[in-house]
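Some notes on the structure that comes next.
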Amino acid sequence: MADDIILRAQGICKQFGAVTAADNVNVEVPAGAVYSLIGSNGAGKTTFVNMVTGYIKPDQGTIHFKGREITRLGPRQIARLGIHRSFQIA
């Protein structure tokens with residue numbers, strides 16, 4: 001894994017029944033970068049964030065953070081590594 005890539009998702013797939021929320025998603029985020037997820041409703045943005053943060057597990061693919069595979073870790077374990085999220089409360 002390249003030293004400058006802090007987050008890498010490879011071949012991430014997630015289905016909910018007949019609905020494919022993420023299909024072969026590949027993302028590399030270099031250290032120090034700031035990115036935004038933009039897309040229409042139902043595009044899979046929240047599903048992707050939920051997979052990276054451990055709230056749901058991908059059906060296929062791997063997620064690495066700082067060179068460590070985190071694909072099957074839970075949200076608390078991932079948060080301890082430094083990946084955090086907040087929830088929108090209406």
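Chains: A, B, ... in order of the structure tokens. Residues: from 1 per chain. Ligands: from 1, in order shown.
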Give the strand (DSSP E) residues of chain A, as DSSP finds them on the backbone, and put them as a PDB file with C-alpha atoms, in the first residue's frame.
ATOM      1  CA  ILE A   5      -2.920   6.680   0.659  1.00  0.00           C
ATOM      2  CA  ILE A   6      -4.654   6.870   4.046  1.00  0.00           C
ATOM      3  CA  LEU A   7      -7.966   5.273   3.009  1.00  0.00           C
ATOM      4  CA  ARG A   8      -8.452   2.681   0.287  1.00  0.00           C
ATOM      5  CA  ALA A   9     -11.706   0.915  -0.619  1.00  0.00           C
ATOM      6  CA  GLN A  10     -11.404  -1.775  -3.281  1.00  0.00           C
ATOM      7  CA  GLY A  11     -14.275  -3.555  -5.014  1.00  0.00           C
ATOM      8  CA  ILE A  12     -16.837  -2.560  -2.399  1.00  0.00           C
ATOM      9  CA  CYS A  13     -20.292  -4.003  -3.063  1.00  0.00           C
ATOM     10  CA  LYS A  14     -23.462  -3.918  -0.963  1.00  0.00           C
ATOM     11  CA  GLN A  15     -26.941  -5.192  -1.740  1.00  0.00           C
ATOM     12  CA  PHE A  16     -30.135  -4.900   0.278  1.00  0.00           C
ATOM     13  CA  VAL A  19     -31.399  -3.254  -4.456  1.00  0.00           C
ATOM     14  CA  THR A  20     -27.715  -2.701  -5.219  1.00  0.00           C
ATOM     15  CA  ALA A  21     -26.571   0.254  -3.116  1.00  0.00           C
ATOM     16  CA  ALA A  22     -22.866   0.013  -4.012  1.00  0.00           C
ATOM     17  CA  ASP A  23     -21.391  -1.860  -6.951  1.00  0.00           C
ATOM     18  CA  ASN A  24     -17.624  -2.286  -7.277  1.00  0.00           C
ATOM     19  CA  VAL A  25     -16.709   1.018  -5.611  1.00  0.00           C
ATOM     20  CA  ASN A  26     -13.002   1.856  -5.662  1.00  0.00           C
ATOM     21  CA  VAL A  27     -11.731   4.896  -3.741  1.00  0.00           C
ATOM     22  CA  GLU A  28      -8.264   6.079  -2.721  1.00  0.00           C
ATOM     23  CA  VAL A  29      -7.869   9.059  -0.413  1.00  0.00           C
ATOM     24  CA  PRO A  30      -4.363  10.477   0.021  1.00  0.00           C
ATOM     25  CA  GLN A  60     -17.591  -7.900  -1.213  1.00  0.00           C
ATOM     26  CA  GLY A  61     -14.391  -5.902  -1.269  1.00  0.00           C
ATOM     27  CA  THR A  62     -11.962  -4.546   1.280  1.00  0.00           C
ATOM     28  CA  ILE A  63     -11.389  -1.307   3.156  1.00  0.00           C
ATOM     29  CA  HIS A  64      -7.953  -0.289   4.440  1.00  0.00           C
ATOM     30  CA  PHE A  65      -7.110   2.642   6.728  1.00  0.00           C
ATOM     31  CA  ARG A  68      -4.651  -1.834   8.086  1.00  0.00           C
ATOM     32  CA  GLU A  69      -7.651  -3.771   6.860  1.00  0.00           C
TER      33      GLU A  69
END
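Residue neighbourhood of A:Arg72, excluding near-sequence residues (fewer than 2 positions): Lys57, Ile70 and Gly74 of chain A, at 7 Å, using only C-alpha atoms.
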Quiz prompt | One-decimal distance in Å that lies between atom CA of A:Asp4 and atom CA of A:Ala43 | solution = 27.9 Å
Self-check item: For atom CA of A:Leu73 and atom CA of A:Ile89, the interatomic separation in Å (one decimal)
Solution: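 These atoms are spaced 25.1 Å apart.
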Quiz item: Which value, in Å to one decimal, gives the distance between atom CA of A:Gly42 and atom CA of A:Arg76?
Solution: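 Rounded to one decimal, the two atoms are 26.2 Å apart.
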Exercise. Point out the residue among A:Thr53, A:Gly17, A:Asp59, A:Lys45 with the least atom-to-atom distance to A:Leu81, counting only C-alpha atoms.
Key: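 So, comparing all the options, the nearest one is A:Thr53.
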Practice problem: Run DSSP on the backbone and give me the residues of chain A it puts in helix (DSSP H, G or I), as a VMD selection string. | Solution: chain A and resid 45 to 52 75 to 81
